[in-house]
file my_file.cif (mmCIF, C-alpha atoms)
data_work
loop_
_atom_site.group_PDB
_atom_site.id
_atom_site.type_symbol
_atom_site.label_atom_id
_atom_site.label_comp_id
_atom_site.auth_asym_id
_atom_site.auth_seq_id
_atom_site.Cartn_x
_atom_site.Cartn_y
_atom_site.Cartn_z
ATOM 1 C CA MET A 1 115.555 4.097 -28.808
ATOM 2 C CA LEU A 2 118.423 3.635 -26.359
ATOM 3 C CA ALA A 3 119.469 0.167 -25.300
ATOM 4 C CA VAL A 4 120.834 0.054 -21.773
ATOM 5 C CA LYS A 5 123.503 -2.307 -20.542
ATOM 6 C CA THR A 6 124.124 -3.250 -16.911
ATOM 7 C CA LEU A 7 124.413 -0.571 -14.251
ATOM 8 C CA THR A 8 127.769 -0.663 -12.452
ATOM 9 C CA ASN A 9 129.068 1.948 -9.978
ATOM 10 C CA ASN A 10 126.285 4.278 -11.127
ATOM 11 C CA LEU A 11 127.600 4.055 -14.690
ATOM 12 C CA THR A 12 125.650 2.575 -17.566
ATOM 13 C CA THR A 13 126.421 1.884 -21.217
ATOM 14 C CA TYR A 14 123.755 3.456 -23.410
ATOM 15 C CA ARG A 15 123.611 2.137 -26.982
ATOM 16 C CA ARG A 16 121.733 3.051 -30.110
ATOM 17 C CA SER A 17 121.847 1.135 -33.404
ATOM 18 C CA LEU A 18 120.861 2.663 -36.721
ATOM 19 C CA ARG A 19 121.793 2.730 -40.397
ATOM 20 C CA LEU A 20 124.250 5.430 -41.444
ATOM 21 C CA MET A 21 126.452 5.789 -44.533
ATOM 22 C CA GLY A 22 124.791 2.692 -45.986
ATOM 23 C CA ASP A 23 125.868 0.465 -43.085
ATOM 24 C CA LYS A 24 124.889 -0.501 -39.551
ATOM 25 C CA PHE A 25 126.312 1.813 -36.895
ATOM 26 C CA GLU A 26 126.065 1.358 -33.150
ATOM 27 C CA ILE A 27 126.996 4.287 -30.925
ATOM 28 C CA SER A 28 127.645 3.580 -27.240
ATOM 29 C CA VAL A 29 128.341 6.082 -24.472
ATOM 30 C CA VAL A 30 129.089 5.412 -20.813
ATOM 31 C CA GLY A 31 127.358 7.668 -18.312
ATOM 32 C CA ASN A 32 124.658 7.951 -15.658
ATOM 33 C CA ASP A 33 122.029 10.139 -17.333
ATOM 34 C CA PRO A 34 119.867 8.545 -20.051
ATOM 35 C CA LEU A 35 118.539 11.879 -21.348
ATOM 36 C CA LEU A 36 122.031 13.321 -21.650
ATOM 37 C CA ALA A 37 123.263 10.108 -23.307
ATOM 38 C CA ASP A 38 120.441 10.375 -25.832
ATOM 39 C CA GLU A 39 121.429 13.966 -26.651
ATOM 40 C CA GLN A 40 125.099 13.019 -26.971
ATOM 41 C CA ILE A 41 124.335 10.176 -29.354
ATOM 42 C CA ASP A 42 122.231 12.575 -31.453
ATOM 43 C CA ILE A 43 125.261 14.876 -31.698
ATOM 44 C CA ALA A 44 127.443 11.968 -32.881
ATOM 45 C CA ILE A 45 124.851 10.983 -35.494
ATOM 46 C CA ASN A 46 124.718 14.560 -36.797
ATOM 47 C CA GLU A 47 128.499 14.553 -37.188
ATOM 48 C CA ILE A 48 128.490 11.247 -39.083
ATOM 49 C CA ASN A 49 125.798 12.607 -41.413
ATOM 50 C CA ARG A 50 127.880 15.752 -41.935
ATOM 51 C CA VAL A 51 130.919 13.674 -42.935
ATOM 52 C CA GLU A 52 128.830 11.591 -45.321
ATOM 53 C CA LYS A 53 127.600 14.742 -47.051
ATOM 54 C CA LEU A 54 131.101 16.245 -47.094
ATOM 55 C CA LEU A 55 132.560 13.205 -48.859
ATOM 56 C CA SER A 56 129.692 12.684 -51.273
ATOM 57 C CA ALA A 57 130.519 12.827 -54.960
ATOM 58 C CA PHE A 58 126.869 13.071 -55.975
ATOM 59 C CA SER A 59 125.991 16.593 -54.877
ATOM 60 C CA GLU A 60 126.714 19.160 -57.601
ATOM 61 C CA ASP A 61 128.274 21.604 -55.150
ATOM 62 C CA SER A 62 130.363 19.057 -53.213
ATOM 63 C CA HIS A 63 134.113 19.584 -53.103
ATOM 64 C CA ILE A 64 134.767 15.999 -54.198
ATOM 65 C CA ASN A 65 132.526 16.456 -57.225
ATOM 66 C CA GLN A 66 134.316 19.681 -58.149
ATOM 67 C CA ILE A 67 137.700 17.959 -57.948
ATOM 68 C CA ASN A 68 136.459 15.028 -60.050
ATOM 69 C CA ARG A 69 134.753 17.259 -62.606
ATOM 70 C CA ASN A 70 138.014 19.125 -63.215
ATOM 71 C CA ALA A 71 140.140 15.999 -63.730
ATOM 72 C CA GLY A 72 142.664 16.667 -66.488
ATOM 73 C CA ILE A 73 141.580 20.324 -66.642
ATOM 74 C CA GLU A 74 142.778 22.356 -63.663
ATOM 75 C CA PRO A 75 143.535 22.215 -59.917
ATOM 76 C CA VAL A 76 140.648 22.826 -57.539
ATOM 77 C CA LYS A 77 140.928 24.568 -54.196
ATOM 78 C CA ALA A 78 139.634 22.157 -51.561
ATOM 79 C CA ASN A 79 138.378 22.956 -48.123
ATOM 80 C CA ALA A 80 140.917 22.274 -45.376
ATOM 81 C CA GLU A 81 139.235 19.131 -44.037
ATOM 82 C CA ILE A 82 139.029 17.424 -47.421
ATOM 83 C CA PHE A 83 142.555 18.494 -48.351
ATOM 84 C CA ARG A 84 143.974 16.910 -45.177
ATOM 85 C CA LEU A 85 141.954 13.718 -45.782
ATOM 86 C CA ILE A 86 143.263 13.438 -49.357
ATOM 87 C CA ASP A 87 146.813 14.136 -48.226
ATOM 88 C CA ARG A 88 146.642 11.401 -45.580
ATOM 89 C CA ALA A 89 145.142 8.988 -48.115
ATOM 90 C CA LEU A 90 148.047 9.612 -50.485
ATOM 91 C CA GLN A 91 150.508 8.907 -47.662
ATOM 92 C CA ILE A 92 148.801 5.563 -47.009
ATOM 93 C CA SER A 93 148.951 4.813 -50.746
ATOM 94 C CA GLU A 94 152.684 5.484 -50.693
ATOM 95 C CA LEU A 95 153.109 3.329 -47.600
ATOM 96 C CA THR A 96 151.249 0.393 -49.186
ATOM 97 C CA HIS A 97 152.850 0.868 -52.624
ATOM 98 C CA GLY A 98 149.472 1.644 -54.151
ATOM 99 C CA ALA A 99 147.512 -1.250 -52.621
ATOM 100 C CA PHE A 100 145.377 1.459 -51.014
ATOM 101 C CA ASP A 101 144.255 3.952 -53.647
ATOM 102 C CA ILE A 102 141.411 6.479 -53.543
ATOM 103 C CA THR A 103 141.527 6.947 -57.330
ATOM 104 C CA TYR A 104 139.391 5.144 -59.883
ATOM 105 C CA PHE A 105 138.687 5.504 -63.587
ATOM 106 C CA THR A 106 135.381 6.252 -65.303
ATOM 107 C CA GLY A 107 136.320 5.843 -68.942
ATOM 108 C CA THR A 108 133.887 2.903 -69.214
ATOM 109 C CA GLY A 109 130.975 4.633 -67.574
ATOM 110 C CA TYR A 110 131.385 2.443 -64.478
ATOM 111 C CA THR A 111 132.887 3.588 -61.213
ATOM 112 C CA GLY A 112 134.635 2.068 -58.212
ATOM 113 C CA ASP A 113 134.559 -1.723 -57.971
ATOM 114 C CA ASP A 114 132.224 -1.983 -60.964
ATOM 115 C CA ALA A 115 134.989 -0.610 -63.194
ATOM 116 C CA ALA A 116 136.834 -3.891 -62.646
ATOM 117 C CA LEU A 117 134.130 -6.096 -64.136
ATOM 118 C CA ALA A 118 135.378 -8.747 -66.505
ATOM 119 C CA GLU A 119 134.847 -8.346 -70.236
ATOM 120 C CA ASN A 120 131.774 -10.088 -71.602
ATOM 121 C CA ALA A 121 129.458 -10.018 -74.597
ATOM 122 C CA ASP A 122 126.739 -7.919 -72.963
ATOM 123 C CA VAL A 123 128.818 -5.306 -71.160
ATOM 124 C CA LYS A 124 131.649 -3.672 -73.064
ATOM 125 C CA ILE A 125 134.570 -2.775 -70.795
ATOM 126 C CA ALA A 126 137.612 -0.746 -71.829
ATOM 127 C CA PRO A 127 140.942 -2.566 -71.413
ATOM 128 C CA SER A 128 142.152 -2.934 -67.822
ATOM 129 C CA PRO A 129 140.583 0.053 -66.037
ATOM 130 C CA VAL A 130 142.207 -1.332 -62.868
ATOM 131 C CA MET A 131 145.567 -0.371 -64.350
ATOM 132 C CA LEU A 132 144.436 3.161 -65.188
ATOM 133 C CA THR A 133 144.049 4.224 -61.557
ATOM 134 C CA ASN A 134 147.116 5.703 -59.932
ATOM 135 C CA TYR A 135 147.380 7.747 -56.760
ATOM 136 C CA LYS A 136 150.567 9.315 -58.136
ATOM 137 C CA ASN A 137 148.401 11.208 -60.616
ATOM 138 C CA VAL A 138 146.819 13.136 -57.746
ATOM 139 C CA VAL A 139 148.750 16.391 -57.308
ATOM 140 C CA VAL A 140 148.302 18.268 -54.040
ATOM 141 C CA ASP A 141 149.655 21.750 -53.377
ATOM 142 C CA ALA A 142 149.801 22.445 -49.642
ATOM 143 C CA ALA A 143 150.563 26.144 -50.079
ATOM 144 C CA LYS A 144 147.563 26.754 -52.336
ATOM 145 C CA GLN A 145 145.477 23.944 -50.791
ATOM 146 C CA THR A 146 144.587 22.623 -54.244
ATOM 147 C CA VAL A 147 144.008 19.134 -55.617
ATOM 148 C CA PHE A 148 144.543 18.221 -59.275
ATOM 149 C CA LEU A 149 143.726 14.910 -60.967
ATOM 150 C CA LYS A 150 146.117 14.712 -63.903
ATOM 151 C CA GLU A 151 144.160 12.351 -66.159
ATOM 152 C CA LYS A 152 140.730 12.904 -67.682
ATOM 153 C CA GLY A 153 138.286 10.305 -66.436
ATOM 154 C CA MET A 154 140.109 9.978 -63.111
ATOM 155 C CA ARG A 155 138.028 10.214 -59.975
ATOM 156 C CA ILE A 156 138.665 10.040 -56.240
ATOM 157 C CA GLY A 157 136.346 8.460 -53.689
ATOM 158 C CA PHE A 158 136.494 7.576 -50.016
ATOM 159 C CA GLY A 159 134.585 4.308 -49.852
ATOM 160 C CA ALA A 160 137.588 2.583 -48.270
ATOM 161 C CA ASN A 161 138.066 4.934 -45.323
ATOM 162 C CA SER A 162 135.022 7.224 -45.044
ATOM 163 C CA LYS A 163 133.342 5.206 -42.277
ATOM 164 C CA GLY A 164 136.552 5.217 -40.275
ATOM 165 C CA TYR A 165 136.946 8.963 -40.653
ATOM 166 C CA ALA A 166 133.298 9.518 -39.681
ATOM 167 C CA ALA A 167 133.833 7.370 -36.563
ATOM 168 C CA ASP A 168 136.908 9.404 -35.612
ATOM 169 C CA ARG A 169 134.971 12.626 -35.976
ATOM 170 C CA ALA A 170 132.028 11.275 -33.949
ATOM 171 C CA LYS A 171 134.410 10.222 -31.179
ATOM 172 C CA TYR A 172 136.028 13.665 -31.188
ATOM 173 C CA ILE A 173 132.662 15.417 -30.954
ATOM 174 C CA LEU A 174 131.542 13.135 -28.128
ATOM 175 C CA GLN A 175 134.742 13.754 -26.187
ATOM 176 C CA MET A 176 134.316 17.502 -26.654
ATOM 177 C CA ASN A 177 130.834 17.067 -25.173
ATOM 178 C CA GLY A 178 132.116 15.367 -22.054
ATOM 179 C CA VAL A 179 131.779 11.681 -22.952
ATOM 180 C CA SER A 180 134.799 10.074 -21.302
ATOM 181 C CA SER A 181 134.084 6.498 -22.446
ATOM 182 C CA GLY A 182 132.356 4.954 -25.407
ATOM 183 C CA VAL A 183 132.416 2.947 -28.621
ATOM 184 C CA ILE A 184 131.626 3.745 -32.225
ATOM 185 C CA ASN A 185 130.841 0.540 -34.099
ATOM 186 C CA ALA A 186 130.811 1.308 -37.812
ATOM 187 C CA GLY A 187 129.708 -1.870 -39.566
ATOM 188 C CA GLY A 188 131.899 -4.024 -37.304
ATOM 189 C CA ASP A 189 134.852 -1.632 -37.316
ATOM 190 C CA LEU A 190 135.365 -0.462 -33.733
ATOM 191 C CA LEU A 191 136.653 2.752 -32.180
ATOM 192 C CA THR A 192 136.877 2.892 -28.394
ATOM 193 C CA TRP A 193 137.941 5.327 -25.704
ATOM 194 C CA GLY A 194 137.927 5.232 -21.913
ATOM 195 C CA THR A 195 136.721 2.055 -20.192
ATOM 196 C CA GLN A 196 133.549 0.012 -19.894
ATOM 197 C CA ALA A 197 130.936 0.877 -17.286
ATOM 198 C CA ASN A 198 132.524 -1.740 -14.993
ATOM 199 C CA GLN A 199 135.891 0.055 -15.343
ATOM 200 C CA LYS A 200 137.365 -2.834 -17.336
ATOM 201 C CA PRO A 201 139.157 -2.220 -20.648
ATOM 202 C CA TRP A 202 137.232 -2.440 -23.885
ATOM 203 C CA THR A 203 137.790 -5.723 -25.698
ATOM 204 C CA VAL A 204 136.696 -6.705 -29.183
ATOM 205 C CA ALA A 205 133.791 -8.744 -27.770
ATOM 206 C CA ALA A 206 132.752 -6.046 -25.292
ATOM 207 C CA ALA A 207 132.673 -3.454 -28.072
ATOM 208 C CA ASP A 208 130.926 -5.809 -30.516
ATOM 209 C CA PRO A 209 129.194 -8.863 -28.999
ATOM 210 C CA GLU A 210 128.768 -10.333 -32.501
ATOM 211 C CA GLN A 211 132.522 -11.022 -32.532
ATOM 212 C CA ARG A 212 132.529 -13.144 -29.368
ATOM 213 C CA LYS A 213 133.418 -16.270 -31.349
ATOM 214 C CA GLN A 214 136.536 -14.726 -32.868
ATOM 215 C CA PRO A 215 139.874 -16.069 -31.556
ATOM 216 C CA PHE A 216 140.838 -12.498 -30.660
ATOM 217 C CA ALA A 217 137.521 -11.639 -28.942
ATOM 218 C CA HIS A 218 139.229 -10.756 -25.654
ATOM 219 C CA LEU A 219 141.898 -8.553 -27.231
ATOM 220 C CA ASP A 220 142.237 -5.224 -25.382
ATOM 221 C CA ILE A 221 141.389 -2.400 -27.799
ATOM 222 C CA SER A 222 140.880 0.410 -25.289
ATOM 223 C CA ASN A 223 141.587 3.837 -26.782
ATOM 224 C CA MET A 224 142.285 2.225 -30.145
ATOM 225 C CA ALA A 225 140.523 1.508 -33.428
ATOM 226 C CA PHE A 226 139.970 -2.040 -34.665
ATOM 227 C CA ALA A 227 138.952 -2.630 -38.290
ATOM 228 C CA THR A 228 138.518 -5.912 -40.144
ATOM 229 C CA SER A 229 138.501 -6.557 -43.873
ATOM 230 C CA VAL A 230 137.184 -9.895 -45.122
ATOM 231 C CA ASN A 231 138.208 -11.420 -48.436
ATOM 232 C CA ALA A 232 134.672 -12.148 -49.629
ATOM 233 C CA GLU A 233 133.664 -12.180 -53.295
ATOM 234 C CA LYS A 234 131.426 -9.257 -54.097
ATOM 235 C CA TYR A 235 129.114 -9.463 -57.073
ATOM 236 C CA ALA A 236 127.437 -6.830 -59.194
ATOM 237 C CA SER A 237 124.375 -7.781 -61.181
ATOM 238 C CA ILE A 238 124.230 -6.405 -64.700
ATOM 239 C CA SER A 239 121.782 -7.634 -67.341
ATOM 240 C CA ASN A 240 120.736 -10.400 -64.934
ATOM 241 C CA LYS A 241 124.278 -11.774 -64.876
ATOM 242 C CA LYS A 242 126.832 -11.768 -62.064
ATOM 243 C CA PHE A 243 130.487 -10.855 -62.388
ATOM 244 C CA VAL A 244 133.215 -10.943 -59.760
ATOM 245 C CA SER A 245 134.096 -7.338 -58.975
ATOM 246 C CA VAL A 246 136.680 -7.553 -56.215
ATOM 247 C CA MET A 247 140.184 -8.136 -57.495
ATOM 248 C CA ALA A 248 143.679 -7.734 -56.219
ATOM 249 C CA ALA A 249 144.670 -4.099 -56.506
ATOM 250 C CA LYS A 250 146.875 -3.432 -59.547
ATOM 251 C CA LYS A 251 146.908 -7.110 -60.555
ATOM 252 C CA GLY A 252 143.409 -7.914 -61.748
ATOM 253 C CA PHE A 253 143.105 -11.468 -60.403
ATOM 254 C CA PRO A 254 141.000 -12.809 -57.501
ATOM 255 C CA VAL A 255 142.688 -12.947 -54.094
ATOM 256 C CA SER A 256 142.423 -16.249 -52.219
ATOM 257 C CA GLU A 257 145.280 -16.598 -49.745
ATOM 258 C CA ILE A 258 144.020 -14.447 -46.857
ATOM 259 C CA THR A 259 140.577 -14.825 -45.296
ATOM 260 C CA SER A 260 140.594 -11.703 -43.125
ATOM 261 C CA VAL A 261 142.822 -8.928 -41.839
ATOM 262 C CA SER A 262 142.228 -6.918 -38.675
ATOM 263 C CA ILE A 263 144.144 -3.717 -38.013
ATOM 264 C CA ILE A 264 144.595 -2.012 -34.649
ATOM 265 C CA SER A 265 145.721 1.615 -34.675
ATOM 266 C CA PRO A 266 145.014 4.929 -32.921
ATOM 267 C CA THR A 267 142.438 6.069 -35.508
ATOM 268 C CA ALA A 268 139.558 4.377 -37.287
ATOM 269 C CA GLU A 269 140.508 6.153 -40.497
ATOM 270 C CA LEU A 270 143.941 4.494 -40.521
ATOM 271 C CA SER A 271 142.653 1.071 -39.447
ATOM 272 C CA ASP A 272 139.895 1.211 -42.060
ATOM 273 C CA ALA A 273 142.317 2.224 -44.805
ATOM 274 C CA MET A 274 145.003 -0.357 -43.976
ATOM 275 C CA ALA A 275 142.847 -3.481 -43.593
ATOM 276 C CA SER A 276 141.999 -4.173 -47.256
ATOM 277 C CA PRO A 277 145.491 -3.478 -48.668
ATOM 278 C CA LEU A 278 146.993 -6.173 -46.461
ATOM 279 C CA ILE A 279 144.705 -8.736 -48.075
ATOM 280 C CA ASN A 280 146.262 -7.804 -51.410
ATOM 281 C CA ILE A 281 149.824 -7.565 -50.107
ATOM 282 C CA GLY A 282 149.877 -11.063 -48.584
ATOM 283 C CA VAL A 283 150.784 -12.573 -45.211
ATOM 284 C CA ASN A 284 154.563 -12.179 -45.136
ATOM 285 C CA ALA A 285 154.758 -8.773 -46.791
ATOM 286 C CA GLY A 286 151.820 -7.545 -44.716
ATOM 287 C CA LEU A 287 153.387 -8.600 -41.417
ATOM 288 C CA TYR A 288 156.721 -7.115 -42.457
ATOM 289 C CA LEU A 289 155.075 -3.780 -43.298
ATOM 290 C CA ILE A 290 153.100 -3.555 -40.044
ATOM 291 C CA ASN A 291 156.111 -4.539 -37.942
ATOM 292 C CA GLN A 292 158.010 -1.534 -39.332
ATOM 293 C CA LEU A 293 155.368 0.931 -38.155
ATOM 294 C CA ASN A 294 154.682 2.471 -34.759
ATOM 295 C CA GLN A 295 151.322 2.250 -32.971
ATOM 296 C CA ILE A 296 149.789 -0.167 -35.448
ATOM 297 C CA ALA A 297 149.291 -3.924 -35.272
ATOM 298 C CA CYS A 298 147.489 -6.618 -37.229
ATOM 299 C CA ILE A 299 145.886 -10.040 -37.033
ATOM 300 C CA ILE A 300 145.754 -12.094 -40.241
ATOM 301 C CA ILE A 301 143.752 -15.281 -40.766
ATOM 302 C CA ASP A 302 144.510 -17.297 -43.895
ATOM 303 C CA ASP A 303 142.333 -19.693 -45.878
ATOM 304 C CA GLN A 304 143.589 -22.603 -43.726
ATOM 305 C CA ASN A 305 142.360 -20.792 -40.566
ATOM 306 C CA ARG A 306 145.922 -20.163 -39.442
ATOM 307 C CA ILE A 307 146.371 -16.999 -37.375
ATOM 308 C CA TYR A 308 149.318 -14.628 -37.797
ATOM 309 C CA THR A 309 149.929 -11.586 -35.617
ATOM 310 C CA SER A 310 152.333 -8.688 -35.764
ATOM 311 C CA LYS A 311 154.956 -8.382 -33.061
ATOM 312 C CA ASP A 312 152.877 -6.323 -30.615
ATOM 313 C CA VAL A 313 149.823 -8.601 -30.512
ATOM 314 C CA SER A 314 149.311 -11.511 -28.129
ATOM 315 C CA ILE A 315 146.105 -13.552 -28.378
#

call {"tool": "encode", "arguments": {"input": "my_file.cif", "output": "structure tokens"}}
result
Amino acid sequence: MLAVKTLTNNLTTYRRSLRLMGDKFEISVVGNDPLLADEQIDIAINEINRVEKLLSAFSEDSHINQINRNAGIEPVKANAEIFRLIDRALQISELTHGAFDITYFTGTGYTGDDAALAENADVKIAPSPVMLTNYKNVVVDAAKQTVFLKEKGMRIGFGANSKGYAADRAKYILQMNGVSSGVINAGGDLLTWGTQANQKPWTVAAADPEQRKQPFAHLDISNMAFATSVNAEKYASISNKKFVSVMAAKKGFPVSEITSVSIISPTAELSDAMASPLINIGVNAGLYLINQLNQIACIIIDDQNRIYTSKDVSI
């Protein structure tokens, strides 16, 4: 069911909210034909579902599963889209000195965040699986378009940037179908293009009304992606017990200095991938890193509610 926002100059913002990729998505398009808007949103949803299937590690015939299954054995030829995504992920890992890393280790039988569970009497965990992940052990060959995971038990996954990539692809498909303005809201991470129905720029609050109380609610994010990572403890329940499962990358201790990081960049994939690493890097190092880069900015809020911005942000 489409939700319709105010009509201005014969233009209307048509919105639809639904659950995709395990999270709440809201797709908004600006236009003057509700039937066409409905069709366009369907096309975007189909593209997001395609990306989810492409990046799944659960399907036996998926490219990601084939790469993971051959860890420590042999290189696997990847399809062009996945190869480019992996290559970009490795570049971000290099840029963040490993704070962003698509690799994880399954030697314990756990995967992803669960592999970082603390040792306890009921659940036996191998020593420091956090330390056994390393993006440098992913070997890509551009000429052959192959990917090789050097260590047995290594895996790659795209939980940190898959929603951003899906949003980018949905935006691209919508633009190819004549949508000149819109928003993809992927669980609070925003990707905008064009202008609002009233011809004003997209702001954080206009793209996501739930963020109206944020100090940067009126920040102009037109034709940009805005992603936020929050330093919230995440728990996994095993044997009716809870264990902290979010730790500082490569260090293995809880992070407490930064409350949230928001990244503004041209693509949702990049914003999505860069937000969490800055929590681990810290305020000063994070600001220094962002200030060295072109077309990317950040807003950091620490645990004392102090706000820090990179050089190109004014709030």

call {"tool": "residues_around", "arguments": {"input": "my_file.cif", "residues": "stretch 93-99 of chain A", "least_positions_apart": "5", "cutoff": "12 Å", "atoms": "only C-alpha atoms", "output": "number ranges by chain"}}
result
A: 86-88, 130-131, 133-138, 160, 247-251, 270, 273-282, 285-286, 288-290, 292-293

call {"tool": "write_last_selection", "arguments": {"input": "my_file.cif", "atoms": "C-alpha atoms", "output": "short mmCIF file (atom, residue, chain, number, x, y, z; two decimals), keeping the file's coordinate frame"}}
result
data_model
loop_
_atom_site.label_atom_id
_atom_site.label_comp_id
_atom_site.auth_asym_id
_atom_site.auth_seq_id
_atom_site.Cartn_x
_atom_site.Cartn_y
_atom_site.Cartn_z
CA ILE A 86 143.26 13.44 -49.36
CA ASP A 87 146.81 14.14 -48.23
CA ARG A 88 146.64 11.40 -45.58
CA VAL A 130 142.21 -1.33 -62.87
CA MET A 131 145.57 -0.37 -64.35
CA THR A 133 144.05 4.22 -61.56
CA ASN A 134 147.12 5.70 -59.93
CA TYR A 135 147.38 7.75 -56.76
CA LYS A 136 150.57 9.32 -58.14
CA ASN A 137 148.40 11.21 -60.62
CA VAL A 138 146.82 13.14 -57.75
CA ALA A 160 137.59 2.58 -48.27
CA MET A 247 140.18 -8.14 -57.50
CA ALA A 248 143.68 -7.73 -56.22
CA ALA A 249 144.67 -4.10 -56.51
CA LYS A 250 146.88 -3.43 -59.55
CA LYS A 251 146.91 -7.11 -60.56
CA LEU A 270 143.94 4.49 -40.52
CA ALA A 273 142.32 2.22 -44.80
CA MET A 274 145.00 -0.36 -43.98
CA ALA A 275 142.85 -3.48 -43.59
CA SER A 276 142.00 -4.17 -47.26
CA PRO A 277 145.49 -3.48 -48.67
CA LEU A 278 146.99 -6.17 -46.46
CA ILE A 279 144.71 -8.74 -48.08
CA ASN A 280 146.26 -7.80 -51.41
CA ILE A 281 149.82 -7.56 -50.11
CA GLY A 282 149.88 -11.06 -48.58
CA ALA A 285 154.76 -8.77 -46.79
CA GLY A 286 151.82 -7.54 -44.72
CA TYR A 288 156.72 -7.12 -42.46
CA LEU A 289 155.07 -3.78 -43.30
CA ILE A 290 153.10 -3.56 -40.04
CA GLN A 292 158.01 -1.53 -39.33
CA LEU A 293 155.37 0.93 -38.16
#

call {"tool": "resolve_selection", "arguments": {"input": "my_file.cif", "expression": "the PyMOL selection byres ((chain A and resi 104) around 7)", "output": "MDAnalysis selection string"}}
result
chainID A and resid 102:103 105:106 111:112 133 154:156

call {"tool": "resolve_selection", "arguments": {"input": "my_file.cif", "expression": "the PyMOL selection byres ((chain A and resi 177) around 12)", "output": "count of residues only"}}
result
20

call {"tool": "closest_residue", "arguments": {"input": "my_file.cif", "among": "A:Asp312, A:Gly164, A:Leu54, A:Leu11", "to": "A:Asp33", "atoms": "all atoms listed in the file"}}
result
A:Leu11

call {"tool": "residues_around", "arguments": {"input": "my_file.cif", "residues": "stretch 295-299 of chain A", "least_positions_apart": "3", "cutoff": "10 Å", "atoms": "all atoms listed in the file", "output": "PyMOL selection string"}}
result
chain A and resi 216+224-228+260-267+270-271+274-275+278+283+286-287+289-292+307-315

call {"tool": "atom_distance", "arguments": {"input": "my_file.cif", "atom1": "atom CA of A:Gly157", "atom2": "atom CA of A:Asp61"}}
result
15.5 Å

call {"tool": "closest_residue", "arguments": {"input": "my_file.cif", "among": "A:Arg15, A:Lys77, A:Lys150, A:Arg50", "to": "A:Gly31", "atoms": "all atoms listed in the file"}}
result
A:Arg15

call {"tool": "resolve_selection", "arguments": {"input": "my_file.cif", "expression": "the PyMOL selection byres ((chain A and resi 146) around 12)", "output": "mmCIF file with C-alpha atoms, in the frame of the given file"}}
result
data_model
loop_
_atom_site.group_PDB
_atom_site.id
_atom_site.type_symbol
_atom_site.label_atom_id
_atom_site.label_comp_id
_atom_site.auth_asym_id
_atom_site.auth_seq_id
_atom_site.Cartn_x
_atom_site.Cartn_y
_atom_site.Cartn_z
ATOM 1 C CA HIS A 63 134.113 19.584 -53.103
ATOM 2 C CA ILE A 64 134.767 15.999 -54.198
ATOM 3 C CA GLN A 66 134.316 19.681 -58.149
ATOM 4 C CA ILE A 67 137.700 17.959 -57.948
ATOM 5 C CA ASN A 70 138.014 19.125 -63.215
ATOM 6 C CA GLU A 74 142.778 22.356 -63.663
ATOM 7 C CA PRO A 75 143.535 22.215 -59.917
ATOM 8 C CA VAL A 76 140.648 22.826 -57.539
ATOM 9 C CA LYS A 77 140.928 24.568 -54.196
ATOM 10 C CA ALA A 78 139.634 22.157 -51.561
ATOM 11 C CA ASN A 79 138.378 22.956 -48.123
ATOM 12 C CA ALA A 80 140.917 22.274 -45.376
ATOM 13 C CA ILE A 82 139.029 17.424 -47.421
ATOM 14 C CA PHE A 83 142.555 18.494 -48.351
ATOM 15 C CA ARG A 84 143.974 16.910 -45.177
ATOM 16 C CA ILE A 86 143.263 13.438 -49.357
ATOM 17 C CA ASP A 87 146.813 14.136 -48.226
ATOM 18 C CA VAL A 138 146.819 13.136 -57.746
ATOM 19 C CA VAL A 139 148.750 16.391 -57.308
ATOM 20 C CA VAL A 140 148.302 18.268 -54.040
ATOM 21 C CA ASP A 141 149.655 21.750 -53.377
ATOM 22 C CA ALA A 142 149.801 22.445 -49.642
ATOM 23 C CA ALA A 143 150.563 26.144 -50.079
ATOM 24 C CA LYS A 144 147.563 26.754 -52.336
ATOM 25 C CA GLN A 145 145.477 23.944 -50.791
ATOM 26 C CA VAL A 147 144.008 19.134 -55.617
ATOM 27 C CA PHE A 148 144.543 18.221 -59.275
ATOM 28 C CA LEU A 149 143.726 14.910 -60.967
#

call {"tool": "decode", "arguments": {"input": "my_file.cif", "residues": "stretch 34-56 of chain A", "atoms": "C-alpha atoms", "output": "PDB file, in the first residue's frame"}}
result
ATOM      1  CA  PRO A  34       0.268   6.737  -8.342  1.00  0.00           C
ATOM      2  CA  LEU A  35      -0.013   3.653 -10.571  1.00  0.00           C
ATOM      3  CA  LEU A  36       3.354   4.326 -12.178  1.00  0.00           C
ATOM      4  CA  ALA A  37       4.898   5.017  -8.754  1.00  0.00           C
ATOM      5  CA  ASP A  38       3.566   1.683  -7.523  1.00  0.00           C
ATOM      6  CA  GLU A  39       5.146  -0.116 -10.490  1.00  0.00           C
ATOM      7  CA  GLN A  40       8.456   1.686  -9.985  1.00  0.00           C
ATOM      8  CA  ILE A  41       8.596   0.763  -6.315  1.00  0.00           C
ATOM      9  CA  ASP A  42       7.904  -2.872  -7.261  1.00  0.00           C
ATOM     10  CA  ILE A  43      10.915  -2.744  -9.597  1.00  0.00           C
ATOM     11  CA  ALA A  44      13.115  -1.398  -6.774  1.00  0.00           C
ATOM     12  CA  ILE A  45      11.910  -4.141  -4.421  1.00  0.00           C
ATOM     13  CA  ASN A  46      12.715  -6.808  -7.019  1.00  0.00           C
ATOM     14  CA  GLU A  47      16.243  -5.431  -7.333  1.00  0.00           C
ATOM     15  CA  ILE A  48      16.787  -5.433  -3.562  1.00  0.00           C
ATOM     16  CA  ASN A  49      15.582  -9.046  -3.406  1.00  0.00           C
ATOM     17  CA  ARG A  50      17.956  -9.930  -6.248  1.00  0.00           C
ATOM     18  CA  VAL A  51      20.911  -8.432  -4.357  1.00  0.00           C
ATOM     19  CA  GLU A  52      19.947 -10.284  -1.190  1.00  0.00           C
ATOM     20  CA  LYS A  53      19.933 -13.581  -3.080  1.00  0.00           C
ATOM     21  CA  LEU A  54      23.195 -12.730  -4.854  1.00  0.00           C
ATOM     22  CA  LEU A  55      25.007 -12.099  -1.568  1.00  0.00           C
ATOM     23  CA  SER A  56      23.510 -15.016   0.323  1.00  0.00           C
TER      24      SER A  56
END
